[in-house]
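A.B. asks: This one is run-v3.cif, mmCIF, C-alpha atoms.
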data_target
loop_
_atom_site.label_atom_id
_atom_site.label_comp_id
_atom_site.auth_asym_id
_atom_site.auth_seq_id
_atom_site.Cartn_x
_atom_site.Cartn_y
_atom_site.Cartn_z
CA MET A 1 82.85 55.77 312.91
CA SER A 2 85.52 58.44 313.14
CA GLU A 3 88.12 55.98 311.89
CA GLN A 4 85.89 55.26 308.92
CA ALA A 5 85.86 58.98 308.16
CA THR A 6 89.66 58.95 308.24
CA GLU A 7 89.79 56.01 305.83
CA ALA A 8 87.37 57.84 303.52
CA LEU A 9 89.54 60.94 303.70
CA ILE A 10 92.66 58.94 302.79
CA GLU A 11 90.81 57.48 299.83
CA THR A 12 89.69 60.90 298.69
CA LEU A 13 93.07 62.56 299.06
CA ALA A 14 94.76 59.68 297.25
CA ALA A 15 92.26 59.95 294.41
CA GLU A 16 92.72 63.69 293.96
CA ALA A 17 96.50 63.78 294.48
CA ARG A 18 98.29 65.09 291.43
CA PRO A 19 102.06 65.00 290.78
CA VAL A 20 103.77 67.96 292.40
CA ARG A 21 106.94 69.85 291.63
CA VAL A 22 109.21 68.91 294.53
CA LEU A 23 110.82 71.83 296.29
CA ALA A 24 114.60 72.04 295.85
CA PRO A 25 116.66 71.28 298.98
CA PRO A 26 116.69 74.19 301.47
CA LEU A 27 120.44 74.80 301.10
CA LYS A 28 120.15 75.14 297.34
CA ARG A 29 117.23 77.55 297.66
CA ALA A 30 119.05 79.61 300.30
CA LEU A 31 122.23 79.82 298.21
CA ALA A 32 120.26 80.86 295.13
CA LEU A 33 118.65 83.77 296.96
CA LEU A 34 121.85 84.77 298.77
CA GLY A 35 123.74 84.65 295.48
CA LEU A 36 121.27 87.09 293.97
CA ALA A 37 121.51 89.34 297.02
CA ALA A 38 125.32 89.23 296.81
CA VAL A 39 125.27 90.36 293.19
CA ALA A 40 122.86 93.20 293.95
CA GLY A 41 124.83 94.22 297.05
CA ALA A 42 128.16 94.15 295.20
CA ALA A 43 126.71 96.33 292.46
CA ALA A 44 125.41 98.85 295.01
CA ILE A 45 128.77 98.95 296.80
CA MET A 46 130.71 99.42 293.55
CA LEU A 47 128.42 102.22 292.42
CA MET A 48 127.83 104.07 295.66
CA GLY A 49 130.04 102.62 298.41
CA ASP A 50 132.39 104.76 300.48
CA MET A 51 135.45 102.50 300.68
CA ASP A 52 137.72 105.39 301.71
CA GLY A 53 135.39 106.26 304.55
CA LEU A 54 135.39 102.62 305.65
CA ALA A 55 139.19 102.50 305.60
CA ASP A 56 139.45 105.79 307.54
CA ARG A 57 136.98 104.65 310.15
CA TYR A 58 139.00 101.55 310.90
CA ALA A 59 142.47 102.99 310.32
CA GLY A 60 144.91 101.05 312.50
CA ARG A 61 142.19 98.54 313.41
CA GLU A 62 141.77 96.69 310.16
CA SER A 63 141.56 93.30 311.82
CA MET A 64 138.73 94.59 314.03
CA MET A 65 136.95 95.83 310.94
CA TRP A 66 137.16 92.47 309.19
CA LEU A 67 136.04 90.59 312.30
CA GLU A 68 133.07 92.85 312.88
CA MET A 69 131.94 92.76 309.27
CA ALA A 70 132.49 89.00 309.11
CA ALA A 71 130.34 88.57 312.23
CA MET A 72 127.58 90.71 310.71
CA LEU A 73 127.70 88.89 307.41
CA THR A 74 127.85 85.45 309.05
CA THR A 75 124.83 86.27 311.22
CA GLY A 76 122.87 87.24 308.13
CA LEU A 77 123.92 84.25 306.04
CA ILE A 78 123.26 81.70 308.79
CA ALA A 79 119.91 83.26 309.71
CA VAL A 80 118.66 83.30 306.11
CA THR A 81 119.85 79.74 305.51
CA GLY A 82 118.29 78.68 308.81
CA ALA A 83 114.96 80.17 307.73
CA PHE A 84 114.93 77.97 304.62
CA PHE A 85 115.74 74.88 306.67
CA MET A 86 113.19 75.62 309.39
CA ALA A 87 110.49 76.06 306.74
CA VAL A 88 110.69 72.32 305.97
CA PRO A 89 109.25 69.89 308.54
CA GLY A 90 111.67 67.51 310.21
CA ARG A 91 114.79 69.62 309.85
CA SER A 92 117.09 70.34 312.78
CA ARG A 93 115.82 72.95 315.22
CA ARG A 94 119.44 73.88 315.96
CA TRP A 95 119.13 76.37 313.13
CA LEU A 96 117.17 78.59 315.54
CA LEU A 97 120.24 78.99 317.74
CA ALA A 98 122.86 78.91 315.00
CA PRO A 99 122.96 82.71 314.33
CA LEU A 100 123.42 83.53 318.04
CA PRO A 101 127.21 83.11 318.32
CA PRO A 102 128.10 85.45 315.39
CA LEU A 103 125.35 87.85 316.53
CA LEU A 104 126.85 88.07 320.01
CA ILE A 105 130.34 88.55 318.53
CA TRP A 106 128.97 91.33 316.29
CA ILE A 107 127.34 93.12 319.22
CA ALA A 108 130.44 92.71 321.38
CA LEU A 109 132.82 94.02 318.71
CA SER A 110 130.50 96.91 317.85
CA GLY A 111 130.26 97.73 321.53
CA MET A 112 134.06 97.74 321.84
CA GLY A 113 134.30 100.01 318.82
CA CYS A 114 131.69 102.37 320.25
CA TRP A 115 133.51 102.47 323.59
CA ARG A 116 136.70 103.46 321.80
CA VAL A 117 134.86 106.30 320.02
CA LEU A 118 133.40 107.42 323.32
CA GLU A 119 136.85 107.47 324.95
CA GLN A 120 138.30 109.39 322.03
CA ASP A 121 135.56 111.88 321.31
CA GLY A 122 133.64 112.13 324.58
CA VAL A 123 129.92 112.16 325.25
CA GLY A 124 129.38 115.44 323.43
CA ASP A 125 129.75 113.76 320.07
CA LEU A 126 126.80 111.40 320.42
CA ALA A 127 124.75 112.65 317.49
CA PHE A 128 121.39 110.99 316.99
CA GLY A 129 121.10 112.36 313.47
CA HIS A 130 123.45 109.67 312.18
CA GLY A 131 121.41 107.06 314.02
CA MET A 132 118.26 108.03 312.11
CA ASP A 133 120.10 107.59 308.80
CA CYS A 134 121.14 104.09 309.90
CA LEU A 135 117.57 103.26 310.94
CA VAL A 136 116.17 104.46 307.63
CA PHE A 137 118.84 102.58 305.64
CA ILE A 138 118.36 99.27 307.45
CA LEU A 139 114.57 99.48 307.38
CA GLY A 140 114.57 100.58 303.75
CA THR A 141 116.88 97.79 302.58
CA SER A 142 114.94 95.25 304.63
CA LEU A 143 111.72 96.46 303.03
CA ALA A 144 113.26 95.80 299.61
CA VAL A 145 114.76 92.41 300.42
CA GLY A 146 112.28 91.12 303.04
CA PRO A 147 109.26 90.52 300.78
CA ILE A 148 111.39 88.56 298.28
CA LEU A 149 112.69 86.37 301.07
CA VAL A 150 109.19 85.86 302.47
CA TRP A 151 107.89 84.94 299.03
CA ARG A 152 110.61 82.31 298.54
CA LEU A 153 110.03 80.90 302.03
CA SER A 154 106.25 80.79 301.59
CA ARG A 155 106.65 78.19 298.83
CA ALA A 156 107.35 75.67 301.56
CA ARG A 157 104.14 76.68 303.40
CA PRO A 158 105.88 76.24 306.75
CA ILE A 159 103.80 74.56 309.42
CA GLU A 160 105.64 76.63 312.06
CA PRO A 161 105.76 80.09 310.52
CA LEU A 162 106.98 81.99 313.60
CA PRO A 163 110.55 80.60 313.90
CA VAL A 164 110.92 80.98 310.13
CA ALA A 165 109.81 84.61 310.36
CA LEU A 166 112.20 85.34 313.25
CA LEU A 167 115.18 83.92 311.38
CA ALA A 168 114.18 85.67 308.15
CA GLY A 169 113.88 88.99 309.97
CA LEU A 170 117.25 88.60 311.67
CA GLY A 171 118.88 87.57 308.39
CA THR A 172 117.39 90.48 306.43
CA ALA A 173 118.32 93.07 309.02
CA SER A 174 121.87 91.69 309.51
CA LEU A 175 122.61 91.69 305.80
CA SER A 176 121.21 95.22 305.55
CA ALA A 177 123.47 96.34 308.39
CA PHE A 178 126.44 94.70 306.63
CA LEU A 179 125.63 96.64 303.48
CA LEU A 180 125.31 99.81 305.53
CA SER A 181 128.96 99.47 306.63
CA PHE A 182 130.02 100.40 303.11
CA PHE A 183 127.95 103.57 303.14
CA HIS A 184 128.53 104.59 306.74
CA PRO A 185 131.12 107.39 306.60
CA PHE A 186 131.40 107.98 310.34
CA ALA A 187 132.53 106.06 313.37
CA VAL A 188 129.83 103.98 314.98
CA THR A 189 128.69 105.30 318.36
CA PHE A 190 126.61 103.56 321.02
CA VAL A 191 123.61 105.47 319.69
CA ASP A 192 124.22 104.01 316.23
CA LEU A 193 124.58 100.54 317.71
CA GLY A 194 121.37 100.98 319.66
CA VAL A 195 119.60 102.12 316.52
CA HIS A 196 120.96 99.12 314.59
CA LEU A 197 119.55 96.80 317.23
CA VAL A 198 116.21 98.62 317.22
CA ALA A 199 116.09 98.37 313.42
CA VAL A 200 116.84 94.64 313.57
CA ALA A 201 114.16 94.16 316.23
CA LEU A 202 111.63 96.10 314.14
CA VAL A 203 112.30 94.00 311.05
CA VAL A 204 112.13 90.75 313.03
CA GLY A 205 108.93 91.91 314.75
CA ALA A 206 107.31 92.94 311.48
CA LEU A 207 107.99 89.59 309.86
CA ALA A 208 106.88 87.73 312.97
CA ALA A 209 103.62 89.69 312.91
CA LEU A 210 103.04 88.74 309.27
CA ASN A 211 104.08 85.20 309.89
CA ARG A 212 101.04 83.00 309.35
CA ARG A 213 99.40 85.00 306.62
CA ALA A 214 102.51 85.69 304.62
CA LEU A 215 104.48 82.51 305.16
CA ALA A 216 101.84 79.82 305.43
CA PRO A 217 98.96 80.94 303.21
CA ALA A 218 95.84 78.76 303.46
CA MET B 1 100.52 58.50 313.47
CA ARG B 2 97.53 57.48 315.62
CA SER B 3 99.73 56.56 318.58
CA LEU B 4 101.51 59.93 318.38
CA ALA B 5 98.16 61.70 318.12
CA ARG B 6 96.83 59.80 321.16
CA ARG B 7 99.85 60.83 323.23
CA HIS B 8 98.96 64.48 322.67
CA SER B 9 95.19 64.20 322.87
CA TRP B 10 92.60 64.09 325.60
CA SER B 11 90.19 61.76 323.85
CA GLU B 12 90.01 59.23 321.03
CA GLU B 13 87.92 61.65 319.05
CA MET B 14 90.46 64.45 319.40
CA ALA B 15 93.19 62.00 318.38
CA GLU B 16 91.27 61.11 315.24
CA ASP B 17 90.78 64.82 314.46
CA VAL B 18 94.53 65.27 314.77
CA VAL B 19 95.13 62.33 312.41
CA GLN B 20 92.80 63.89 309.84
CA ASP B 21 94.51 67.29 310.26
CA VAL B 22 97.84 65.61 309.67
CA LEU B 23 96.57 63.89 306.52
CA LEU B 24 95.25 67.16 305.12
CA THR B 25 98.55 68.90 305.93
CA LEU B 26 100.54 66.08 304.34
CA HIS B 27 98.46 66.49 301.21
CA ARG B 28 99.01 70.26 301.17
CA ILE B 29 102.78 70.26 301.70
CA ARG B 30 103.79 66.96 300.11
CA HIS B 31 106.01 68.95 297.74
CA THR B 32 108.37 69.74 300.64
CA TYR B 33 109.40 66.11 301.16
CA GLU B 34 112.82 65.52 299.61
CA PRO B 35 112.98 62.13 297.89
CA GLY B 36 115.83 60.09 299.30
CA ARG B 37 115.63 61.58 302.78
CA PRO B 38 114.06 59.55 305.63
CA VAL B 39 110.32 60.11 305.67
CA LYS B 40 109.78 59.48 309.40
CA PRO B 41 111.26 62.77 310.74
CA TRP B 42 109.24 64.73 308.17
CA LEU B 43 106.03 62.92 309.04
CA ALA B 44 106.67 63.05 312.79
CA ALA B 45 107.31 66.81 312.70
CA ILE B 46 103.99 67.42 310.94
CA ALA B 47 102.11 65.11 313.32
CA ARG B 48 103.63 66.75 316.42
CA ARG B 49 102.83 70.22 315.16
CA ARG B 50 99.23 69.41 314.36
CA ALA B 51 98.80 67.71 317.75
CA VAL B 52 100.12 70.81 319.52
CA ASP B 53 97.82 73.03 317.44
CA ALA B 54 94.83 70.86 318.38
CA MET B 55 95.69 71.02 322.07
CA ARG B 56 96.02 74.80 321.91
CA ARG B 57 92.66 75.07 320.11
CA GLN B 58 91.02 72.89 322.77
CA GLY B 59 92.61 74.92 325.51
CA ARG B 60 91.40 78.22 324.01
CA GLN B 61 87.91 76.79 323.55
CA SER B 62 87.74 75.55 327.16
CA ALA B 63 88.94 78.90 328.46
CA ARG B 64 86.13 80.67 326.58
CA GLU B 65 83.35 78.23 327.51
CA VAL B 66 81.24 78.72 330.59
CA HIS B 67 79.20 75.78 331.87
CA ASP B 68 76.04 76.56 333.72
CA GLU B 69 73.84 73.57 334.53
CA ALA B 70 70.78 75.77 334.96
CA ALA B 71 71.14 76.97 331.40
CA TYR B 72 70.43 73.47 330.12
CA GLU B 73 66.99 73.36 331.75
CA THR B 74 64.10 73.71 329.35
CA PHE B 75 60.40 73.47 329.77
CA ALA B 76 57.68 71.45 328.10
CA ASP B 77 55.85 74.52 326.81
CA PRO B 78 57.22 75.25 323.30
CA GLN B 79 56.89 78.97 323.99
CA ALA B 80 59.55 78.67 326.69
CA ASN B 81 62.07 77.39 324.18
CA ARG B 82 61.39 79.99 321.52
CA ASN B 83 64.40 82.16 322.41
CA GLU B 84 66.75 79.19 322.58
CA ALA B 85 65.47 77.85 319.26
CA SER B 86 65.88 81.23 317.63
CA GLU B 87 69.39 81.60 319.00
CA ALA B 88 70.26 78.10 317.86
CA ALA B 89 68.97 78.86 314.37
CA ASP B 90 71.03 82.06 314.28
CA GLU B 91 74.09 80.15 315.46
CA VAL B 92 73.66 77.47 312.80
CA GLY B 93 73.10 80.16 310.18
CA ARG B 94 76.28 81.92 311.25
CA MET B 95 78.31 78.71 311.10
CA LEU B 96 76.95 77.85 307.67
CA GLY B 97 78.00 81.32 306.59
CA GLU B 98 81.58 80.44 307.50
CA LEU B 99 81.67 77.58 305.03
CA THR B 100 83.01 78.18 301.54
CA PRO B 101 80.37 78.21 298.75
CA ARG B 102 81.50 74.78 297.53
CA GLN B 103 81.36 73.31 301.03
CA LYS B 104 77.86 74.74 301.56
CA GLU B 105 76.72 73.32 298.24
CA ALA B 106 78.21 69.90 299.05
CA ILE B 107 76.50 69.76 302.46
CA ASP B 108 73.22 70.94 301.01
CA LEU B 109 73.09 68.40 298.19
CA VAL B 110 74.58 65.35 299.90
CA LYS B 111 73.40 65.68 303.49
CA LEU B 112 70.30 67.85 303.43
CA LYS B 113 68.77 66.85 300.10
CA GLN B 114 70.16 63.31 300.46
CA LEU B 115 71.23 63.06 296.82
CA SER B 116 73.68 60.36 295.82
CA LEU B 117 77.24 61.48 295.10
CA ALA B 118 76.71 60.94 291.39
CA GLU B 119 73.51 63.04 291.39
CA ALA B 120 75.13 65.76 293.48
CA SER B 121 78.13 65.79 291.16
CA ALA B 122 75.92 66.17 288.10
CA GLN B 123 73.96 69.00 289.69
CA SER B 124 76.85 70.94 291.16
CA GLY B 125 79.60 70.35 288.63
CA GLN B 126 81.94 69.26 291.44
CA SER B 127 83.71 65.92 291.01
CA VAL B 128 82.74 63.07 293.34
CA ALA B 129 86.15 63.33 295.02
CA SER B 130 85.72 67.10 295.57
CA LEU B 131 82.24 66.56 296.99
CA LYS B 132 83.57 64.02 299.49
CA VAL B 133 86.40 66.35 300.58
CA ASN B 134 84.07 69.36 300.84
CA VAL B 135 81.46 67.45 302.85
CA HIS B 136 84.17 66.20 305.18
CA ARG B 137 85.66 69.65 305.68
CA ALA B 138 82.27 71.28 306.16
CA ILE B 139 81.26 68.77 308.83
CA ARG B 140 84.55 69.26 310.64
CA LYS B 141 84.07 73.03 310.63
CA LEU B 142 80.49 72.73 311.85
CA ARG B 143 81.49 70.23 314.51
CA LYS B 144 84.20 72.51 315.78
CA GLY B 145 81.84 75.46 315.75
CA LEU B 146 79.24 73.58 317.74
CA GLY B 147 81.88 72.17 320.08
CA LYS B 148 80.07 68.82 320.03
CA GLY B 149 81.31 65.33 319.33
CA ALA B 150 78.45 64.19 317.15
CA ASP B 151 79.25 61.65 314.51
CA GLU B 152 78.19 62.19 310.94
#
Take the structure in the file and give it back as structure tokens.

C.D. replies:
Amino acid sequence: MSEQATEALIETLAAEARPVRVLAPPLKRALALLGLAAVAGAAAIMLMGDMDGLADRYAGRESMMWLEMAAMLTTGLIAVTGAFFMAVPGRSRRWLLAPLPPLLIWIALSGMGCWRVLEQDGVGDLAFGHGMDCLVFILGTSLAVGPILVWRLSRARPIEPLPVALLAGLGTASLSAFLLSFFHPFAVTFVDLGVHLVAVALVVGALAALNRRALAPA
Amino acid sequence: MRSLARRHSWSEEMAEDVVQDVLLTLHRIRHTYEPGRPVKPWLAAIARRRAVDAMRRQGRQSAREVHDEAAYETFADPQANRNEASEAADEVGRMLGELTPRQKEAIDLVKLKQLSLAEASAQSGQSVASLKVNVHRAIRKLRKGLGKGADE
């Protein structure tokens, strides 16, 4: 009897199926969104970035600067791309782990940089005020970019919204932190690094909490 | 799809529920399949996910349910069953309230008033195909709410 109900359901769904607009491949969709974000980010940096401050902060350690920023940017790009892939059933689950290596490199390099600041300037210079600015910047930028990303991802109506939300959150926060580098006129301390990580965790947590309702609407 | 559903199910009926869930999901997200790519991984991922969801739902339901044999005892005197009947009526009323208006209408016309699909379609304005889908979905919701395995 139950199998008859299934056959009836198949008949019904086949009868009411209309042609659909097929979603573009996940890589294409990811690149489109990242391209837009790159243009907006470049415009913001050109208009308001502190390139001199950036150069001063890393004076004598330019290679460290490029590595750290590359790690941040790579984390963000891979995480956002991974979110688009994970939103489609049957795609590789390796995307969940893909952002981890650049993320660990980013944290390690930031930590080394912070340690250097600590050795140079001592504990007395650990000002939390800068940390709050970082938190506000990352959260604010994520709030601007996050909903757009969620909207694009929700088109796929992912059947597993949580991994998609985690990757989207990590991607948004990482790209926001990368952008922050161009507006961050002071050397990064351990407090700043801690605040960055808290900001990333907050963004990831917020998206994960939204997950089913926002990403996989009924 | 059925063999995958059976591997993740505790009964034939649950397996069939999973199959129907998968079909409804396929219908809803068919736009995500990329033509030219192998269809099996896409289909298998949906089937596995729905099977896991069904197992979790069953697990949550079992954790909430309490079975007390004494509670099933009733008496011949109709007065003794008044409370149970009233509670049952409230429960059914609550579950009907959880259906969408179109599902309620479909159930009412096709199953309660026993109209033919054509008559029900004419009266409600829903197409025959919509009526069938809405009846099916309503019965599934009611079945889940009652936690029984009754056939239609």

A.B. asks: Using only C-alpha atoms, find each residue of chain A with at least one atom at most 12 Å away from an atom of chain B; report its shortest atom-to-atom pair and that distance in Å (one decimal), sort the rows by chain and rising residue number, and return the result as JSON lines.

C.D. replies:
{"residue": "A:Met1", "atom": "CA", "partner": "B:Asp151", "partner_atom": "CA", "distance": 7.1}
{"residue": "A:Ser2", "atom": "CA", "partner": "B:Glu16", "partner_atom": "CA", "distance": 6.7}
{"residue": "A:Glu3", "atom": "CA", "partner": "B:Glu16", "partner_atom": "CA", "distance": 6.9}
{"residue": "A:Gln4", "atom": "CA", "partner": "B:Glu16", "partner_atom": "CA", "distance": 10.2}
{"residue": "A:Ala5", "atom": "CA", "partner": "B:His136", "partner_atom": "CA", "distance": 8.0}
{"residue": "A:Thr6", "atom": "CA", "partner": "B:Gln20", "partner_atom": "CA", "distance": 6.1}
{"residue": "A:Glu7", "atom": "CA", "partner": "B:Gln20", "partner_atom": "CA", "distance": 9.3}
{"residue": "A:Ala8", "atom": "CA", "partner": "B:Lys132", "partner_atom": "CA", "distance": 8.3}
{"residue": "A:Leu9", "atom": "CA", "partner": "B:Val133", "partner_atom": "CA", "distance": 7.0}
{"residue": "A:Ile10", "atom": "CA", "partner": "B:Leu23", "partner_atom": "CA", "distance": 7.3}
{"residue": "A:Glu11", "atom": "CA", "partner": "B:Ala129", "partner_atom": "CA", "distance": 8.9}
{"residue": "A:Thr12", "atom": "CA", "partner": "B:Ala129", "partner_atom": "CA", "distance": 5.6}
{"residue": "A:Leu13", "atom": "CA", "partner": "B:His27", "partner_atom": "CA", "distance": 7.0}
{"residue": "A:Ala14", "atom": "CA", "partner": "B:His27", "partner_atom": "CA", "distance": 8.7}
{"residue": "A:Ala15", "atom": "CA", "partner": "B:Ala129", "partner_atom": "CA", "distance": 7.0}
{"residue": "A:Glu16", "atom": "CA", "partner": "B:Ala129", "partner_atom": "CA", "distance": 6.7}
{"residue": "A:Ala17", "atom": "CA", "partner": "B:His27", "partner_atom": "CA", "distance": 7.5}
{"residue": "A:Arg18", "atom": "CA", "partner": "B:His27", "partner_atom": "CA", "distance": 9.9}
{"residue": "A:Pro19", "atom": "CA", "partner": "B:His31", "partner_atom": "CA", "distance": 8.9}
{"residue": "A:Val20", "atom": "CA", "partner": "B:His31", "partner_atom": "CA", "distance": 5.9}
{"residue": "A:Arg21", "atom": "CA", "partner": "B:His31", "partner_atom": "CA", "distance": 6.2}
{"residue": "A:Val22", "atom": "CA", "partner": "B:His31", "partner_atom": "CA", "distance": 4.5}
{"residue": "A:Leu23", "atom": "CA", "partner": "B:Thr32", "partner_atom": "CA", "distance": 5.4}
{"residue": "A:Ala24", "atom": "CA", "partner": "B:Glu34", "partner_atom": "CA", "distance": 7.7}
{"residue": "A:Pro25", "atom": "CA", "partner": "B:Glu34", "partner_atom": "CA", "distance": 7.0}
{"residue": "A:Pro26", "atom": "CA", "partner": "B:Thr32", "partner_atom": "CA", "distance": 9.5}
{"residue": "A:Phe84", "atom": "CA", "partner": "B:Thr32", "partner_atom": "CA", "distance": 11.3}
{"residue": "A:Phe85", "atom": "CA", "partner": "B:Thr32", "partner_atom": "CA", "distance": 10.8}
{"residue": "A:Met86", "atom": "CA", "partner": "B:Ala45", "partner_atom": "CA", "distance": 11.1}
{"residue": "A:Ala87", "atom": "CA", "partner": "B:Thr32", "partner_atom": "CA", "distance": 9.0}
{"residue": "A:Val88", "atom": "CA", "partner": "B:Thr32", "partner_atom": "CA", "distance": 6.4}
{"residue": "A:Pro89", "atom": "CA", "partner": "B:Trp42", "partner_atom": "CA", "distance": 5.2}
{"residue": "A:Gly90", "atom": "CA", "partner": "B:Trp42", "partner_atom": "CA", "distance": 4.2}
{"residue": "A:Arg91", "atom": "CA", "partner": "B:Trp42", "partner_atom": "CA", "distance": 7.6}
{"residue": "A:Ser92", "atom": "CA", "partner": "B:Pro41", "partner_atom": "CA", "distance": 9.8}
{"residue": "A:Arg93", "atom": "CA", "partner": "B:Ala45", "partner_atom": "CA", "distance": 10.8}
{"residue": "A:Leu153", "atom": "CA", "partner": "B:Thr32", "partner_atom": "CA", "distance": 11.4}
{"residue": "A:Ser154", "atom": "CA", "partner": "B:Ile29", "partner_atom": "CA", "distance": 11.1}
{"residue": "A:Arg155", "atom": "CA", "partner": "B:Thr32", "partner_atom": "CA", "distance": 8.8}
{"residue": "A:Ala156", "atom": "CA", "partner": "B:Thr32", "partner_atom": "CA", "distance": 6.1}
{"residue": "A:Arg157", "atom": "CA", "partner": "B:Ile29", "partner_atom": "CA", "distance": 6.8}
{"residue": "A:Pro158", "atom": "CA", "partner": "B:Ile29", "partner_atom": "CA", "distance": 8.4}
{"residue": "A:Ile159", "atom": "CA", "partner": "B:Arg49", "partner_atom": "CA", "distance": 7.3}
{"residue": "A:Glu160", "atom": "CA", "partner": "B:Arg49", "partner_atom": "CA", "distance": 7.7}
{"residue": "A:Pro161", "atom": "CA", "partner": "B:Arg49", "partner_atom": "CA", "distance": 11.3}
{"residue": "A:Ala216", "atom": "CA", "partner": "B:Ile29", "partner_atom": "CA", "distance": 10.3}
{"residue": "A:Pro217", "atom": "CA", "partner": "B:Arg28", "partner_atom": "CA", "distance": 10.9}
{"residue": "A:Ala218", "atom": "CA", "partner": "B:Arg28", "partner_atom": "CA", "distance": 9.4}

A.B. asks: Distance CA of Pro101 (chain A)-CA of Ala206 (chain A), one decimal place?

C.D. replies: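 Straight-line distance from CA of Pro101 (chain A) to CA of Ala206 (chain A) works out to 23.2 Å.
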
A.B. asks: Dig up all the protein and nucleic acid residues within 6 Å of (126.4, 90.2, 312.2) in the file frame, using only C-alpha atoms, and format them as a compact mmCIF listing (two decimals) with C-alpha atoms, keeping the file's coordinate frame.

C.D. replies:
# COMPACT_ATOMS: atom_id res chain seq x y z
CA ALA A 71 130.34 88.57 312.23
CA MET A 72 127.58 90.71 310.71
CA LEU A 73 127.70 88.89 307.41
CA THR A 74 127.85 85.45 309.05
CA THR A 75 124.83 86.27 311.22
CA PRO A 102 128.10 85.45 315.39
CA LEU A 103 125.35 87.85 316.53
CA TRP A 106 128.97 91.33 316.29
CA SER A 174 121.87 91.69 309.51

A.B. asks: Excluding same-chain residues fewer than 6 positions from Thr100 (chain B), what lies within 12 Å of it counting all atoms listed in the file, as a PyMOL selection string?

C.D. replies: chain B and resi 106-107+134-135+137-138+141-142

A.B. asks: Can you write out the residues you just picked, keeping C-alpha atoms, as a PDB file, in the frame of the given file?

C.D. replies:
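Saved result, again_30.pdb, follows:
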ATOM      1  CA  ALA B 106      78.210  69.900 299.050  1.00  0.00           C
ATOM      2  CA  ILE B 107      76.500  69.760 302.460  1.00  0.00           C
ATOM      3  CA  ASN B 134      84.070  69.360 300.840  1.00  0.00           C
ATOM      4  CA  VAL B 135      81.460  67.450 302.850  1.00  0.00           C
ATOM      5  CA  ARG B 137      85.660  69.650 305.680  1.00  0.00           C
ATOM      6  CA  ALA B 138      82.270  71.280 306.160  1.00  0.00           C
ATOM      7  CA  LYS B 141      84.070  73.030 310.630  1.00  0.00           C
ATOM      8  CA  LEU B 142      80.490  72.730 311.850  1.00  0.00           C
TER       9      LEU B 142
END

A.B. asks: Kindly give the distance, in Å, that separates CA of Leu96 (chain B) and CA of Ile139 (chain B), rounded to a single decimal.

C.D. replies: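 Here the two named atoms are 10.1 Å from each other.
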
A.B. asks: Could you tell me how far CA of Ala144 (chain A) lies from CA of Phe178 (chain A), in Å and to one decimal?

C.D. replies: 15.0 Å

A.B. asks: Might you spell out which residues the PyMOL selection byres ((chain A and resi 82) around 10) would select in the displayed file, as a list in words?

C.D. replies: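 For this structure, the PyMOL selection byres ((chain A and resi 82) around 10) captures Pro26, Leu27, Ala30, Gly76, Leu77, Ile78, Ala79, Val80, Thr81, Ala83, Phe84, Phe85, Met86, Ala87, Arg91, Ser92, Arg93, Arg94, Trp95, Leu96, Leu97, Ala98, Pro99, Pro163, Val164, Leu167, Ala168 and Gly171 of chain A.
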
A.B. asks: Keeping only C-alpha atoms, write the selected residues to a file as an mmCIF file, keeping the file's coordinate frame.

C.D. replies:
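So out_0.cif came out as:
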data_model
loop_
_atom_site.group_PDB
_atom_site.id
_atom_site.type_symbol
_atom_site.label_atom_id
_atom_site.label_comp_id
_atom_site.auth_asym_id
_atom_site.auth_seq_id
_atom_site.Cartn_x
_atom_site.Cartn_y
_atom_site.Cartn_z
ATOM 1 C CA PRO A 26 116.690 74.190 301.470
ATOM 2 C CA LEU A 27 120.440 74.800 301.100
ATOM 3 C CA ALA A 30 119.050 79.610 300.300
ATOM 4 C CA GLY A 76 122.870 87.240 308.130
ATOM 5 C CA LEU A 77 123.920 84.250 306.040
ATOM 6 C CA ILE A 78 123.260 81.700 308.790
ATOM 7 C CA ALA A 79 119.910 83.260 309.710
ATOM 8 C CA VAL A 80 118.660 83.300 306.110
ATOM 9 C CA THR A 81 119.850 79.740 305.510
ATOM 10 C CA ALA A 83 114.960 80.170 307.730
ATOM 11 C CA PHE A 84 114.930 77.970 304.620
ATOM 12 C CA PHE A 85 115.740 74.880 306.670
ATOM 13 C CA MET A 86 113.190 75.620 309.390
ATOM 14 C CA ALA A 87 110.490 76.060 306.740
ATOM 15 C CA ARG A 91 114.790 69.620 309.850
ATOM 16 C CA SER A 92 117.090 70.340 312.780
ATOM 17 C CA ARG A 93 115.820 72.950 315.220
ATOM 18 C CA ARG A 94 119.440 73.880 315.960
ATOM 19 C CA TRP A 95 119.130 76.370 313.130
ATOM 20 C CA LEU A 96 117.170 78.590 315.540
ATOM 21 C CA LEU A 97 120.240 78.990 317.740
ATOM 22 C CA ALA A 98 122.860 78.910 315.000
ATOM 23 C CA PRO A 99 122.960 82.710 314.330
ATOM 24 C CA PRO A 163 110.550 80.600 313.900
ATOM 25 C CA VAL A 164 110.920 80.980 310.130
ATOM 26 C CA LEU A 167 115.180 83.920 311.380
ATOM 27 C CA ALA A 168 114.180 85.670 308.150
ATOM 28 C CA GLY A 171 118.880 87.570 308.390
#

A.B. asks: Can you tell me, as a list in words, what residues are no more than 8 Å from Ala120 (chain B) when counting all atoms listed in the file, ignoring any on the same chain fewer than 4 positions away?

C.D. replies: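 Residues meeting the cut-off are Ala106, Leu109, Val110, Leu115, Ser116, Ser124, Gln126 and Leu131 of chain B.
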
A.B. asks: Can you spell out as a list in words the set of residues that the PyMOL selection byres ((chain A and resi 201) around 12) selects in the structure I just provided?

C.D. replies: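 Evaluating the PyMOL selection byres ((chain A and resi 201) around 12) on this file yields Leu135, Ile138, Leu139, Ser142, Leu166, Leu167, Ala168, Gly169, Leu170, Gly171, Thr172, Ala173, Ser174, Gly194, Val195, His196, Leu197, Val198, Ala199, Val200, Leu202, Val203, Val204, Gly205, Ala206, Leu207, Ala208 and Ala209 of chain A.
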